[in-house]
Amino acid sequence: MSDYHQFEYPNGIRLLHKEVPHTKIAHCGFLLDIGSRDEQTHQQGLAHFWEHMAFKGTHKRKSFHILNRLETVGGELNAYTTKEKICFYATLLSTHFERAFELLTDLTFNSIFPEKEVEKERGVILEEMSMYQDAPEDAIIDDFDAVIYGQHPLGINILGTRESVSGFQTADFHKFYDENVRTDRLVFSSVSNLSFKEVKRLADRFLAPIPARLGPRARLPFAGYVRHDRTEQRPISQAHCLVGGPAYPLTDERRVPFFMLNNILGGPGMNSRLNLAVREKYGLVYTIDSSYSPYTDTGLFGIYFGTEAKQLSRTLGLVQKELKLLRDKELTTSQLHVAKNQLMGQLAMSEESNSGLMQLLGKSTLDLGRVEPLSEIFERIERVSSTELRELANEVLAEDNLSILQYVPEEK
């Protein structure tokens with residue numbers, strides 16, 4: 001990733017571009033260092049609601065014109081909100097790149113949040129909440145955040161609550177925008193066959209005139225984790241379980257080796273230890289995996305599985321057995337070699353996705369101030385030792401560090 005271009009404007013906005021000559025498709029978008037963790041208590045769900053409302057009208061366009069601007073040339077316009085980021089992005093033929101750039105700039109900086117549209121979109125988001133509650137494999141992930149982070153903003157559902165969403169008005173969106181948008185904490189990222197000269201020519205027109213919005217914006221750090229075990233009865237036929245706890249933040253040197261440890265345990269490969277020990281050997285689950293989500297000041301590790309209610313205790317015991325093996329026994333030389341090659345291969349393949357690459361450029365720049373070259377990450381992977389992995393397992397995967405959340409069928 002050393003062959004990308006970056007330019008910073010006086011207003012603090014950074015332009016990132018990687019030229020990929022063999023493609024005809026452009027991927028581009030604004031990534032803002034704003035997420036649900038930046039909400040005040042009375043604003044829960046406002047960041048996600050803003051993401052929806054950005055498409056509902058600007059000073060120069062109504063919702064219909066926003067939605068049709070790229071669709072009529074076969075393009076796609078989308079957005080998402082996470083705990084720490086909001087992203088507005090587009091994918092289309094690079095011949096229409098200017099159209100996407102101008103539209104994304106308009107909806108990111110010039111949305112007016114019409115009151116009539118707020119009322120309509122409120123219903124859409126309330127339906128989105130219901131949809132997630134009807135999907136226990138999704139709901140348990142959100143509820144597990146609350147188990148780990150409690151009332152800290154990281155523990156609050158990105159969608160907010162029915163009460164908070166039901167009360168938002170146009171003025172709330174403008175206030176949240178004014179409180180959180182900082183031009184030095186957002187980037188425009190693109191990947192296409194266009195040259196950097198062509199992209200910067202457009203950026204000079206669209207980004208340079210945006211007024212600077214600078215100044216500090218503090219985030220409440222997380223502290224005070226307390227382990228919890230919680231079981232909830234739900235109107236479901238299958239039991240669902242999440243086991244996990246806090247892990248390392250984005251800037252921690254142990255982040256890369258812990259990614260490897262997570263990959264060994266329950267990564268996307270069918271040869272992960274959890275998949276082999278629980279699904280392949282006993283057929284107790286359809287899905288079992290582990291995940292690691294690093295944030296700016298903390299991280300979250302979790303193992304998810306769903307199984308028959310009568311098999312819940314047995315399955316959880318097998319998971320805990322695999323965790324104990326990682327804590328007690330170092331990988332052999334051959335196992336470590338395989339783990340390194342597997343992770344490096346997965347990382348290399350992920351860079352083949354130009355859409356993912358566009359977002360990686362933006363996220364890395366916002367979080368780390370630079371984009372880590374793949375060669376640098378590979379060097380860190382090569383330095384990982386079996387002893388280091390075992391030490392990480394004993395710290396993060398220790399039994400007294402891991403909380404458990406279980407959904408079980410209601411008793412009849």
# chains A, B, ... in the order shown; residues from 1 in each chain; ligands from 1
$ closest_atom_pairs --of "stretch 47-96 of chain A" --to "stretch 189-193 of chain A" --cutoff "12 Å" --atoms "only C-alpha atoms" --output "JSON lines"
{"residue": "A:Cys87", "atom": "CA", "partner": "A:Ser189", "partner_atom": "CA", "distance": 10.4}
{"residue": "A:Phe88", "atom": "CA", "partner": "A:Ser189", "partner_atom": "CA", "distance": 10.5}
{"residue": "A:Tyr89", "atom": "CA", "partner": "A:Ser189", "partner_atom": "CA", "distance": 9.1}
{"residue": "A:Ala90", "atom": "CA", "partner": "A:Ser190", "partner_atom": "CA", "distance": 9.6}
{"residue": "A:Thr91", "atom": "CA", "partner": "A:Val191", "partner_atom": "CA", "distance": 9.8}
{"residue": "A:Leu92", "atom": "CA", "partner": "A:Ser192", "partner_atom": "CA", "distance": 9.8}
{"residue": "A:Leu93", "atom": "CA", "partner": "A:Ser192", "partner_atom": "CA", "distance": 9.0}
{"residue": "A:Ser94", "atom": "CA", "partner": "A:Ser192", "partner_atom": "CA", "distance": 6.6}
{"residue": "A:Thr95", "atom": "CA", "partner": "A:Asn193", "partner_atom": "CA", "distance": 9.7}
{"residue": "A:His96", "atom": "CA", "partner": "A:Ser192", "partner_atom": "CA", "distance": 11.2}
$ write_last_selection --atoms "C-alpha atoms" --output "PDB file, in the first residue's frame"
ATOM      1  CA  CYS A  87     -19.235   6.250   5.742  1.00  0.00           C
ATOM      2  CA  PHE A  88     -21.048   7.555   2.654  1.00  0.00           C
ATOM      3  CA  TYR A  89     -19.811   5.749  -0.445  1.00  0.00           C
ATOM      4  CA  ALA A  90     -20.511   4.952  -4.092  1.00  0.00           C
ATOM      5  CA  THR A  91     -19.588   2.387  -6.730  1.00  0.00           C
ATOM      6  CA  LEU A  92     -19.985   3.063 -10.443  1.00  0.00           C
ATOM      7  CA  LEU A  93     -18.237   3.196 -13.805  1.00  0.00           C
ATOM      8  CA  SER A  94     -15.213   5.446 -13.496  1.00  0.00           C
ATOM      9  CA  THR A  95     -16.495   7.504 -16.443  1.00  0.00           C
ATOM     10  CA  HIS A  96     -19.125   8.837 -14.005  1.00  0.00           C
TER      11      HIS A  96
END
$ residues_around --residues "A:Lys116" --least-positions-apart "3" --cutoff "12 Å" --atoms "only C-alpha atoms" --output "MDAnalysis selection string"
chainID A and resid 53 56:57 62:63 112:113 119:123 169:170
$ residues_around --residues "stretch 401-403 of chain A" --least-positions-apart "4" --cutoff "7 Å" --atoms "only C-alpha atoms" --output "JSON, numbers by chain"
{"A": [227, 228, 229, 243, 244, 245, 396, 397]}
$ write_last_selection --atoms "N, CA and C atoms" --output "PDB file, in the first residue's frame"
ATOM      1  N   ARG A 227     -16.676  -8.800  34.692  1.00  0.00           N
ATOM      2  CA  ARG A 227     -17.158 -10.009  34.028  1.00  0.00           C
ATOM      3  C   ARG A 227     -18.598 -10.315  34.437  1.00  0.00           C
ATOM      4  N   HIS A 228     -19.416 -10.760  33.450  1.00  0.00           N
ATOM      5  CA  HIS A 228     -20.806 -11.122  33.718  1.00  0.00           C
ATOM      6  C   HIS A 228     -21.162 -12.419  33.014  1.00  0.00           C
ATOM      7  N   ASP A 229     -22.026 -13.207  33.632  1.00  0.00           N
ATOM      8  CA  ASP A 229     -22.692 -14.337  32.988  1.00  0.00           C
ATOM      9  C   ASP A 229     -24.185 -14.025  32.996  1.00  0.00           C
ATOM     10  N   VAL A 243     -19.402 -15.709  23.940  1.00  0.00           N
ATOM     11  CA  VAL A 243     -18.393 -15.738  24.987  1.00  0.00           C
ATOM     12  C   VAL A 243     -17.290 -14.764  24.593  1.00  0.00           C
ATOM     13  N   GLY A 244     -16.893 -13.866  25.482  1.00  0.00           N
ATOM     14  CA  GLY A 244     -15.828 -12.944  25.105  1.00  0.00           C
ATOM     15  C   GLY A 244     -15.529 -11.904  26.160  1.00  0.00           C
ATOM     16  N   GLY A 245     -14.680 -10.951  25.786  1.00  0.00           N
ATOM     17  CA  GLY A 245     -14.294  -9.898  26.712  1.00  0.00           C
ATOM     18  C   GLY A 245     -13.460  -8.840  26.016  1.00  0.00           C
ATOM     19  N   VAL A 396      -5.973 -12.429  27.364  1.00  0.00           N
ATOM     20  CA  VAL A 396      -7.296 -12.082  26.849  1.00  0.00           C
ATOM     21  C   VAL A 396      -8.295 -13.226  26.995  1.00  0.00           C
ATOM     22  N   LEU A 397      -7.824 -14.463  26.811  1.00  0.00           N
ATOM     23  CA  LEU A 397      -8.725 -15.609  26.828  1.00  0.00           C
ATOM     24  C   LEU A 397      -8.794 -16.286  28.182  1.00  0.00           C
TER      25      LEU A 397
END
$ closest_residue --among "A:Phe176, A:Phe222, A:Phe188, A:Tyr132" --to "A:Lys18" --atoms "only C-alpha atoms"
A:Phe188
$ residues_around --residues "A:Glu253" --least-positions-apart "6" --cutoff "12 Å" --atoms "only C-alpha atoms" --output "list in words"
Phe259, Pro294, Ile377, Arg380, Ile381, Arg383, Val384, Glu388 and Leu392 of chain A
$ write_last_selection --atoms "N, CA and C atoms" --output "short mmCIF file (atom, residue, chain, number, x, y, z; two decimals), in the first residue's frame"
data_model
loop_
_atom_site.label_atom_id
_atom_site.label_comp_id
_atom_site.auth_asym_id
_atom_site.auth_seq_id
_atom_site.Cartn_x
_atom_site.Cartn_y
_atom_site.Cartn_z
N PHE A 259 -4.77 -10.87 16.18
CA PHE A 259 -5.53 -11.22 14.99
C PHE A 259 -5.19 -12.66 14.57
N PRO A 294 -11.01 -4.26 17.06
CA PRO A 294 -10.25 -3.25 17.80
C PRO A 294 -10.83 -1.85 17.61
N ILE A 377 3.06 -5.39 7.68
CA ILE A 377 2.21 -6.29 8.47
C ILE A 377 2.75 -7.71 8.38
N ARG A 380 5.60 -8.17 10.71
CA ARG A 380 5.15 -8.34 12.10
C ARG A 380 4.63 -9.75 12.32
N ILE A 381 3.90 -10.29 11.34
CA ILE A 381 3.39 -11.66 11.44
C ILE A 381 4.55 -12.65 11.53
N ARG A 383 7.37 -12.26 12.78
CA ARG A 383 8.08 -12.18 14.07
C ARG A 383 7.32 -12.83 15.22
N VAL A 384 6.05 -13.17 14.98
CA VAL A 384 5.23 -13.75 16.06
C VAL A 384 5.78 -15.11 16.45
N GLU A 388 4.65 -15.93 22.38
CA GLU A 388 3.86 -14.70 22.39
C GLU A 388 2.37 -15.00 22.29
N LEU A 392 -0.63 -14.07 25.00
CA LEU A 392 -1.84 -13.32 24.66
C LEU A 392 -3.09 -14.12 25.05
#
$ select_by_dssp --residues "stretch 269-377 of chain A" --states "alpha helix (DSSP H)" --output "NGL selection string"
:A and (273-274 or 312-328 or 333-350 or 354-368 or 374-377)
$ closest_atom_pairs --of "stretch 292-393 of chain A" --to "stretch 273-286 of chain A" --cutoff "12 Å" --atoms "only C-alpha atoms" --output "Markdown table"
| residue | atom | partner | partner_atom | distance |
| --- | --- | --- | --- | --- |
| A:Ile303 | CA | A:Leu274 | CA | 9.2 |
| A:Tyr304 | CA | A:Leu274 | CA | 10.3 |
| A:Phe305 | CA | A:Val285 | CA | 6.9 |
| A:Gly306 | CA | A:Val285 | CA | 6.1 |
| A:Thr307 | CA | A:Val285 | CA | 5.2 |
| A:Glu308 | CA | A:Leu284 | CA | 7.6 |
| A:Ala309 | CA | A:Leu284 | CA | 10.6 |
| A:Lys310 | CA | A:Leu284 | CA | 10.4 |
| A:Gln311 | CA | A:Leu284 | CA | 7.2 |
| A:Leu312 | CA | A:Leu284 | CA | 9.0 |
| A:Ser313 | CA | A:Leu284 | CA | 11.1 |
| A:Arg314 | CA | A:Leu284 | CA | 8.9 |
| A:Thr315 | CA | A:Val278 | CA | 6.9 |
| A:Leu316 | CA | A:Val278 | CA | 9.5 |
| A:Gly317 | CA | A:Val278 | CA | 10.0 |
| A:Leu318 | CA | A:Val278 | CA | 6.8 |
| A:Val319 | CA | A:Leu274 | CA | 6.8 |
| A:Gln320 | CA | A:Leu274 | CA | 10.0 |
| A:Lys321 | CA | A:Ala277 | CA | 9.5 |
| A:Glu322 | CA | A:Leu274 | CA | 7.0 |
| A:Leu323 | CA | A:Leu274 | CA | 9.2 |
| A:Leu325 | CA | A:Arg273 | CA | 10.2 |
| A:Leu326 | CA | A:Arg273 | CA | 9.9 |
| A:Gln335 | CA | A:Arg273 | CA | 11.6 |
| A:Ala339 | CA | A:Arg273 | CA | 11.3 |
$ write_last_selection --atoms "N, CA and C atoms" --output "PDB file, in the first residue's frame"
ATOM      1  N   ILE A 303     -16.762 -15.077  20.817  1.00  0.00           N
ATOM      2  CA  ILE A 303     -17.034 -16.345  20.134  1.00  0.00           C
ATOM      3  C   ILE A 303     -18.547 -16.520  20.086  1.00  0.00           C
ATOM      4  N   TYR A 304     -19.079 -16.746  18.889  1.00  0.00           N
ATOM      5  CA  TYR A 304     -20.528 -16.953  18.744  1.00  0.00           C
ATOM      6  C   TYR A 304     -20.821 -18.359  18.221  1.00  0.00           C
ATOM      7  N   PHE A 305     -21.897 -18.946  18.725  1.00  0.00           N
ATOM      8  CA  PHE A 305     -22.417 -20.172  18.142  1.00  0.00           C
ATOM      9  C   PHE A 305     -23.898 -20.306  18.464  1.00  0.00           C
ATOM     10  N   GLY A 306     -24.586 -21.079  17.640  1.00  0.00           N
ATOM     11  CA  GLY A 306     -25.971 -21.436  17.889  1.00  0.00           C
ATOM     12  C   GLY A 306     -26.087 -22.947  17.850  1.00  0.00           C
ATOM     13  N   THR A 307     -26.893 -23.511  18.741  1.00  0.00           N
ATOM     14  CA  THR A 307     -27.004 -24.972  18.818  1.00  0.00           C
ATOM     15  C   THR A 307     -28.349 -25.353  19.429  1.00  0.00           C
ATOM     16  N   GLU A 308     -28.673 -26.645  19.420  1.00  0.00           N
ATOM     17  CA  GLU A 308     -29.872 -27.114  20.101  1.00  0.00           C
ATOM     18  C   GLU A 308     -29.755 -26.800  21.586  1.00  0.00           C
ATOM     19  N   ALA A 309     -30.877 -26.431  22.187  1.00  0.00           N
ATOM     20  CA  ALA A 309     -30.848 -26.049  23.595  1.00  0.00           C
ATOM     21  C   ALA A 309     -30.271 -27.158  24.473  1.00  0.00           C
ATOM     22  N   LYS A 310     -30.599 -28.415  24.161  1.00  0.00           N
ATOM     23  CA  LYS A 310     -30.107 -29.522  24.981  1.00  0.00           C
ATOM     24  C   LYS A 310     -28.609 -29.744  24.813  1.00  0.00           C
ATOM     25  N   GLN A 311     -28.014 -29.142  23.761  1.00  0.00           N
ATOM     26  CA  GLN A 311     -26.580 -29.294  23.514  1.00  0.00           C
ATOM     27  C   GLN A 311     -25.781 -28.054  23.943  1.00  0.00           C
ATOM     28  N   LEU A 312     -26.453 -27.066  24.532  1.00  0.00           N
ATOM     29  CA  LEU A 312     -25.788 -25.808  24.859  1.00  0.00           C
ATOM     30  C   LEU A 312     -24.632 -26.010  25.829  1.00  0.00           C
ATOM     31  N   SER A 313     -24.869 -26.732  26.914  1.00  0.00           N
ATOM     32  CA  SER A 313     -23.826 -26.935  27.926  1.00  0.00           C
ATOM     33  C   SER A 313     -22.644 -27.697  27.345  1.00  0.00           C
ATOM     34  N   ARG A 314     -22.934 -28.735  26.554  1.00  0.00           N
ATOM     35  CA  ARG A 314     -21.858 -29.530  25.964  1.00  0.00           C
ATOM     36  C   ARG A 314     -21.030 -28.688  24.992  1.00  0.00           C
ATOM     37  N   THR A 315     -21.708 -27.907  24.161  1.00  0.00           N
ATOM     38  CA  THR A 315     -21.000 -27.080  23.176  1.00  0.00           C
ATOM     39  C   THR A 315     -20.136 -26.033  23.863  1.00  0.00           C
ATOM     40  N   LEU A 316     -20.689 -25.393  24.886  1.00  0.00           N
ATOM     41  CA  LEU A 316     -19.917 -24.396  25.628  1.00  0.00           C
ATOM     42  C   LEU A 316     -18.693 -25.040  26.280  1.00  0.00           C
ATOM     43  N   GLY A 317     -18.836 -26.259  26.748  1.00  0.00           N
ATOM     44  CA  GLY A 317     -17.701 -26.966  27.336  1.00  0.00           C
ATOM     45  C   GLY A 317     -16.603 -27.226  26.318  1.00  0.00           C
ATOM     46  N   LEU A 318     -16.985 -27.565  25.083  1.00  0.00           N
ATOM     47  CA  LEU A 318     -15.992 -27.789  24.027  1.00  0.00           C
ATOM     48  C   LEU A 318     -15.269 -26.496  23.670  1.00  0.00           C
ATOM     49  N   VAL A 319     -16.005 -25.389  23.652  1.00  0.00           N
ATOM     50  CA  VAL A 319     -15.385 -24.079  23.384  1.00  0.00           C
ATOM     51  C   VAL A 319     -14.366 -23.759  24.474  1.00  0.00           C
ATOM     52  N   GLN A 320     -14.751 -23.937  25.712  1.00  0.00           N
ATOM     53  CA  GLN A 320     -13.846 -23.634  26.816  1.00  0.00           C
ATOM     54  C   GLN A 320     -12.621 -24.553  26.810  1.00  0.00           C
ATOM     55  N   LYS A 321     -12.802 -25.776  26.328  1.00  0.00           N
ATOM     56  CA  LYS A 321     -11.671 -26.699  26.203  1.00  0.00           C
ATOM     57  C   LYS A 321     -10.661 -26.170  25.194  1.00  0.00           C
ATOM     58  N   GLU A 322     -11.143 -25.644  24.061  1.00  0.00           N
ATOM     59  CA  GLU A 322     -10.233 -25.102  23.047  1.00  0.00           C
ATOM     60  C   GLU A 322      -9.520 -23.853  23.558  1.00  0.00           C
ATOM     61  N   LEU A 323     -10.208 -23.037  24.317  1.00  0.00           N
ATOM     62  CA  LEU A 323      -9.573 -21.850  24.902  1.00  0.00           C
ATOM     63  C   LEU A 323      -8.466 -22.271  25.878  1.00  0.00           C
ATOM     64  N   LEU A 325      -6.728 -25.018  25.782  1.00  0.00           N
ATOM     65  CA  LEU A 325      -5.600 -25.552  25.015  1.00  0.00           C
ATOM     66  C   LEU A 325      -4.688 -24.429  24.535  1.00  0.00           C
ATOM     67  N   LEU A 326      -5.272 -23.320  24.094  1.00  0.00           N
ATOM     68  CA  LEU A 326      -4.456 -22.189  23.639  1.00  0.00           C
ATOM     69  C   LEU A 326      -3.707 -21.548  24.792  1.00  0.00           C
ATOM     70  N   GLN A 335       2.651 -25.851  13.178  1.00  0.00           N
ATOM     71  CA  GLN A 335       1.358 -25.182  13.367  1.00  0.00           C
ATOM     72  C   GLN A 335       1.507 -23.660  13.247  1.00  0.00           C
ATOM     73  N   ALA A 339      -0.233 -21.179  10.466  1.00  0.00           N
ATOM     74  CA  ALA A 339      -1.044 -20.047  10.914  1.00  0.00           C
ATOM     75  C   ALA A 339      -0.574 -18.740  10.282  1.00  0.00           C
TER      76      ALA A 339
END
$ closest_residue --among "A:Pro216, A:Gly74, A:Gly29, A:Gly150" --to "A:Leu107" --atoms "only C-alpha atoms"
A:Gly29
$ atom_distance --atom1 "atom CA of A:Leu361" --atom2 "atom CA of A:Asn110"
24.3 Å
$ closest_residue --among "A:His5, A:Thr81, A:Gln40, A:Thr387" --to "A:Thr333" --atoms "only C-alpha atoms"
A:Thr387
$ closest_residue --among "A:Val199, A:Val371, A:Val408, A:Leu357" --to "A:Glu102" --atoms "only C-alpha atoms"
A:Val199
$ residues_around --residues "stretch 296-300 of chain A" --least-positions-apart "3" --cutoff "8 Å" --atoms "only C-alpha atoms" --output "list of chain:residue names"
A:Pro221, A:Phe222, A:Gly244, A:Gly245, A:Pro246, A:Ala247, A:Tyr248, A:Pro249, A:Leu250, A:Thr251, A:Ser291, A:Tyr292, A:Ser293, A:Asp367
$ atom_distance --atom1 "atom CA of A:Pro257" --atom2 "atom CA of A:Leu389"
6.8 Å
$ residues_around --residues "A:Leu366" --least-positions-apart "3" --cutoff "8 Å" --atoms "only C-alpha atoms" --output "PDB file with all heavy atoms, in the first residue's frame"
ATOM      1  N   ASP A  33     -14.742  10.248  11.149  1.00  0.00           N
ATOM      2  CA  ASP A  33     -14.384   9.670  12.441  1.00  0.00           C
ATOM      3  C   ASP A  33     -15.449  10.037  13.476  1.00  0.00           C
ATOM      4  O   ASP A  33     -15.188  10.696  14.481  1.00  0.00           O
ATOM      5  CB  ASP A  33     -13.015  10.177  12.872  1.00  0.00           C
ATOM      6  CG  ASP A  33     -12.450   9.367  14.032  1.00  0.00           C
ATOM      7  OD1 ASP A  33     -12.687   8.155  14.053  1.00  0.00           O
ATOM      8  OD2 ASP A  33     -11.784   9.952  14.901  1.00  0.00           O
ATOM      9  N   ARG A 185     -10.897  15.386  10.719  1.00  0.00           N
ATOM     10  CA  ARG A 185     -11.210  14.025  11.146  1.00  0.00           C
ATOM     11  C   ARG A 185     -12.103  13.324  10.134  1.00  0.00           C
ATOM     12  O   ARG A 185     -12.913  12.469  10.492  1.00  0.00           O
ATOM     13  CB  ARG A 185     -11.874  14.022  12.523  1.00  0.00           C
ATOM     14  CG  ARG A 185     -11.004  14.546  13.661  1.00  0.00           C
ATOM     15  CD  ARG A 185      -9.745  13.742  13.823  1.00  0.00           C
ATOM     16  NE  ARG A 185      -9.993  12.318  14.025  1.00  0.00           N
ATOM     17  CZ  ARG A 185      -9.059  11.379  13.921  1.00  0.00           C
ATOM     18  NH1 ARG A 185      -7.816  11.697  13.576  1.00  0.00           N
ATOM     19  NH2 ARG A 185      -9.348  10.113  14.126  1.00  0.00           N
ATOM     20  N   LEU A 186     -11.950  13.694   8.869  1.00  0.00           N
ATOM     21  CA  LEU A 186     -12.666  12.999   7.800  1.00  0.00           C
ATOM     22  C   LEU A 186     -11.782  12.956   6.567  1.00  0.00           C
ATOM     23  O   LEU A 186     -10.893  13.790   6.382  1.00  0.00           O
ATOM     24  CB  LEU A 186     -14.017  13.666   7.502  1.00  0.00           C
ATOM     25  CG  LEU A 186     -14.052  15.100   6.967  1.00  0.00           C
ATOM     26  CD1 LEU A 186     -13.989  15.132   5.450  1.00  0.00           C
ATOM     27  CD2 LEU A 186     -15.329  15.787   7.433  1.00  0.00           C
ATOM     28  N   VAL A 187     -12.029  11.953   5.729  1.00  0.00           N
ATOM     29  CA  VAL A 187     -11.232  11.782   4.509  1.00  0.00           C
ATOM     30  C   VAL A 187     -12.149  11.450   3.347  1.00  0.00           C
ATOM     31  O   VAL A 187     -13.261  10.939   3.532  1.00  0.00           O
ATOM     32  CB  VAL A 187     -10.180  10.656   4.657  1.00  0.00           C
ATOM     33  CG1 VAL A 187      -9.216  10.945   5.784  1.00  0.00           C
ATOM     34  CG2 VAL A 187     -10.857   9.308   4.868  1.00  0.00           C
ATOM     35  N   GLY A 362      -9.172   4.812   4.001  1.00  0.00           N
ATOM     36  CA  GLY A 362      -9.774   5.830   4.855  1.00  0.00           C
ATOM     37  C   GLY A 362      -9.685   5.502   6.327  1.00  0.00           C
ATOM     38  O   GLY A 362      -9.293   6.342   7.148  1.00  0.00           O
ATOM     39  N   LYS A 363     -10.045   4.277   6.698  1.00  0.00           N
ATOM     40  CA  LYS A 363     -10.046   3.895   8.109  1.00  0.00           C
ATOM     41  C   LYS A 363      -8.645   3.949   8.705  1.00  0.00           C
ATOM     42  O   LYS A 363      -8.447   4.462   9.815  1.00  0.00           O
ATOM     43  CB  LYS A 363     -10.619   2.489   8.259  1.00  0.00           C
ATOM     44  CG  LYS A 363     -12.114   2.393   8.002  1.00  0.00           C
ATOM     45  CD  LYS A 363     -12.573   0.940   8.076  1.00  0.00           C
ATOM     46  CE  LYS A 363     -14.035   0.783   7.732  1.00  0.00           C
ATOM     47  NZ  LYS A 363     -14.451  -0.634   7.703  1.00  0.00           N
ATOM     48  N   GLY A 369      -3.211   7.375  11.254  1.00  0.00           N
ATOM     49  CA  GLY A 369      -2.488   8.479  10.632  1.00  0.00           C
ATOM     50  C   GLY A 369      -1.743   8.072   9.384  1.00  0.00           C
ATOM     51  O   GLY A 369      -1.087   8.887   8.744  1.00  0.00           O
ATOM     52  N   ARG A 370      -1.844   6.807   8.993  1.00  0.00           N
ATOM     53  CA  ARG A 370      -1.172   6.302   7.807  1.00  0.00           C
ATOM     54  C   ARG A 370      -1.766   4.956   7.418  1.00  0.00           C
ATOM     55  O   ARG A 370      -2.547   4.375   8.185  1.00  0.00           O
ATOM     56  CB  ARG A 370       0.335   6.141   8.052  1.00  0.00           C
ATOM     57  CG  ARG A 370       0.665   5.021   9.039  1.00  0.00           C
ATOM     58  CD  ARG A 370       2.119   5.010   9.444  1.00  0.00           C
ATOM     59  NE  ARG A 370       2.458   3.801  10.206  1.00  0.00           N
ATOM     60  CZ  ARG A 370       2.993   2.719   9.688  1.00  0.00           C
ATOM     61  NH1 ARG A 370       3.292   2.668   8.386  1.00  0.00           N
ATOM     62  NH2 ARG A 370       3.274   1.657  10.417  1.00  0.00           N
TER      63      ARG A 370
END
$ residues_around --residues "A:Lys200" --least-positions-apart "2" --cutoff "12 Å" --atoms "only C-alpha atoms" --output "PyMOL selection string"
chain A and resi 5-9+14-18+98+101+188-190+194-198+202-208
$ write_last_selection --atoms "N, CA and C atoms" --output "compact mmCIF listing (two decimals), in the first residue's frame"
# COMPACT_ATOMS: atom_id res chain seq x y z
N HIS A 5 -1.80 7.75 -3.19
CA HIS A 5 -1.52 9.17 -3.08
C HIS A 5 -2.36 9.79 -1.97
N GLN A 6 -1.78 10.77 -1.31
CA GLN A 6 -2.50 11.49 -0.26
C GLN A 6 -2.21 12.98 -0.39
N PHE A 7 -3.26 13.77 -0.19
CA PHE A 7 -3.10 15.23 -0.20
C PHE A 7 -4.00 15.82 0.86
N GLU A 8 -3.47 16.76 1.63
CA GLU A 8 -4.27 17.41 2.68
C GLU A 8 -4.53 18.86 2.31
N TYR A 9 -5.79 19.26 2.38
CA TYR A 9 -6.19 20.63 2.07
C TYR A 9 -6.07 21.50 3.32
N ARG A 14 -8.47 15.27 4.06
CA ARG A 14 -7.44 14.54 3.34
C ARG A 14 -8.04 13.75 2.17
N LEU A 15 -7.37 13.85 1.05
CA LEU A 15 -7.75 13.12 -0.15
C LEU A 15 -6.83 11.92 -0.29
N LEU A 16 -7.41 10.73 -0.46
CA LEU A 16 -6.64 9.50 -0.63
C LEU A 16 -7.05 8.85 -1.94
N HIS A 17 -6.07 8.41 -2.72
CA HIS A 17 -6.41 7.78 -4.00
C HIS A 17 -5.39 6.71 -4.36
N LYS A 18 -5.92 5.58 -4.82
CA LYS A 18 -5.07 4.53 -5.37
C LYS A 18 -5.53 4.25 -6.79
N GLU A 98 -17.01 11.81 -11.48
CA GLU A 98 -17.30 13.19 -11.08
C GLU A 98 -18.71 13.31 -10.51
N PHE A 101 -18.64 11.91 -6.96
CA PHE A 101 -17.87 12.79 -6.07
C PHE A 101 -18.72 13.99 -5.65
N PHE A 188 -11.67 11.76 2.14
CA PHE A 188 -12.32 11.26 0.93
C PHE A 188 -11.36 10.26 0.32
N SER A 189 -11.84 9.03 0.14
CA SER A 189 -10.99 7.95 -0.35
C SER A 189 -11.53 7.40 -1.65
N SER A 190 -10.63 7.06 -2.58
CA SER A 190 -11.09 6.51 -3.86
C SER A 190 -10.10 5.50 -4.41
N LEU A 194 -8.60 6.00 -12.61
CA LEU A 194 -8.28 7.40 -12.85
C LEU A 194 -6.92 7.74 -12.24
N SER A 195 -6.23 8.67 -12.84
CA SER A 195 -4.96 9.12 -12.29
C SER A 195 -5.22 10.02 -11.10
N PHE A 196 -4.19 10.15 -10.24
CA PHE A 196 -4.34 11.04 -9.09
C PHE A 196 -4.54 12.48 -9.56
N LYS A 197 -3.92 12.84 -10.66
CA LYS A 197 -4.09 14.20 -11.20
C LYS A 197 -5.54 14.48 -11.52
N GLU A 198 -6.23 13.51 -12.13
CA GLU A 198 -7.65 13.69 -12.47
C GLU A 198 -8.50 13.80 -11.22
N LEU A 202 -10.72 17.29 -9.46
CA LEU A 202 -12.08 17.35 -8.98
C LEU A 202 -12.14 17.70 -7.49
N ALA A 203 -11.18 17.15 -6.73
CA ALA A 203 -11.14 17.44 -5.30
C ALA A 203 -10.88 18.92 -5.04
N ASP A 204 -10.07 19.54 -5.88
CA ASP A 204 -9.81 20.98 -5.75
C ASP A 204 -11.12 21.76 -5.87
N ARG A 205 -12.03 21.24 -6.69
CA ARG A 205 -13.30 21.92 -6.88
C ARG A 205 -14.30 21.60 -5.77
N PHE A 206 -14.32 20.33 -5.31
CA PHE A 206 -15.35 19.93 -4.35
C PHE A 206 -14.91 20.02 -2.89
N LEU A 207 -13.64 19.72 -2.60
CA LEU A 207 -13.19 19.66 -1.21
C LEU A 207 -12.56 20.96 -0.72
N ALA A 208 -11.76 21.59 -1.56
CA ALA A 208 -11.04 22.78 -1.13
C ALA A 208 -11.94 23.90 -0.60
$ atom_distance --atom1 "atom CA of A:Leu214" --atom2 "atom CA of A:Arg182"
5.3 Å
$ select_by_dssp --residues "stretch 28-238 of chain A" --states "strand (DSSP E)" --output "JSON, numbers by chain"
{"A": [28, 29, 30, 31, 32, 76, 77, 78, 79, 80, 81, 86, 87, 88, 89, 90, 91, 92, 93, 186, 187, 188, 189, 190, 191, 192, 229, 230, 231, 232, 233, 234]}
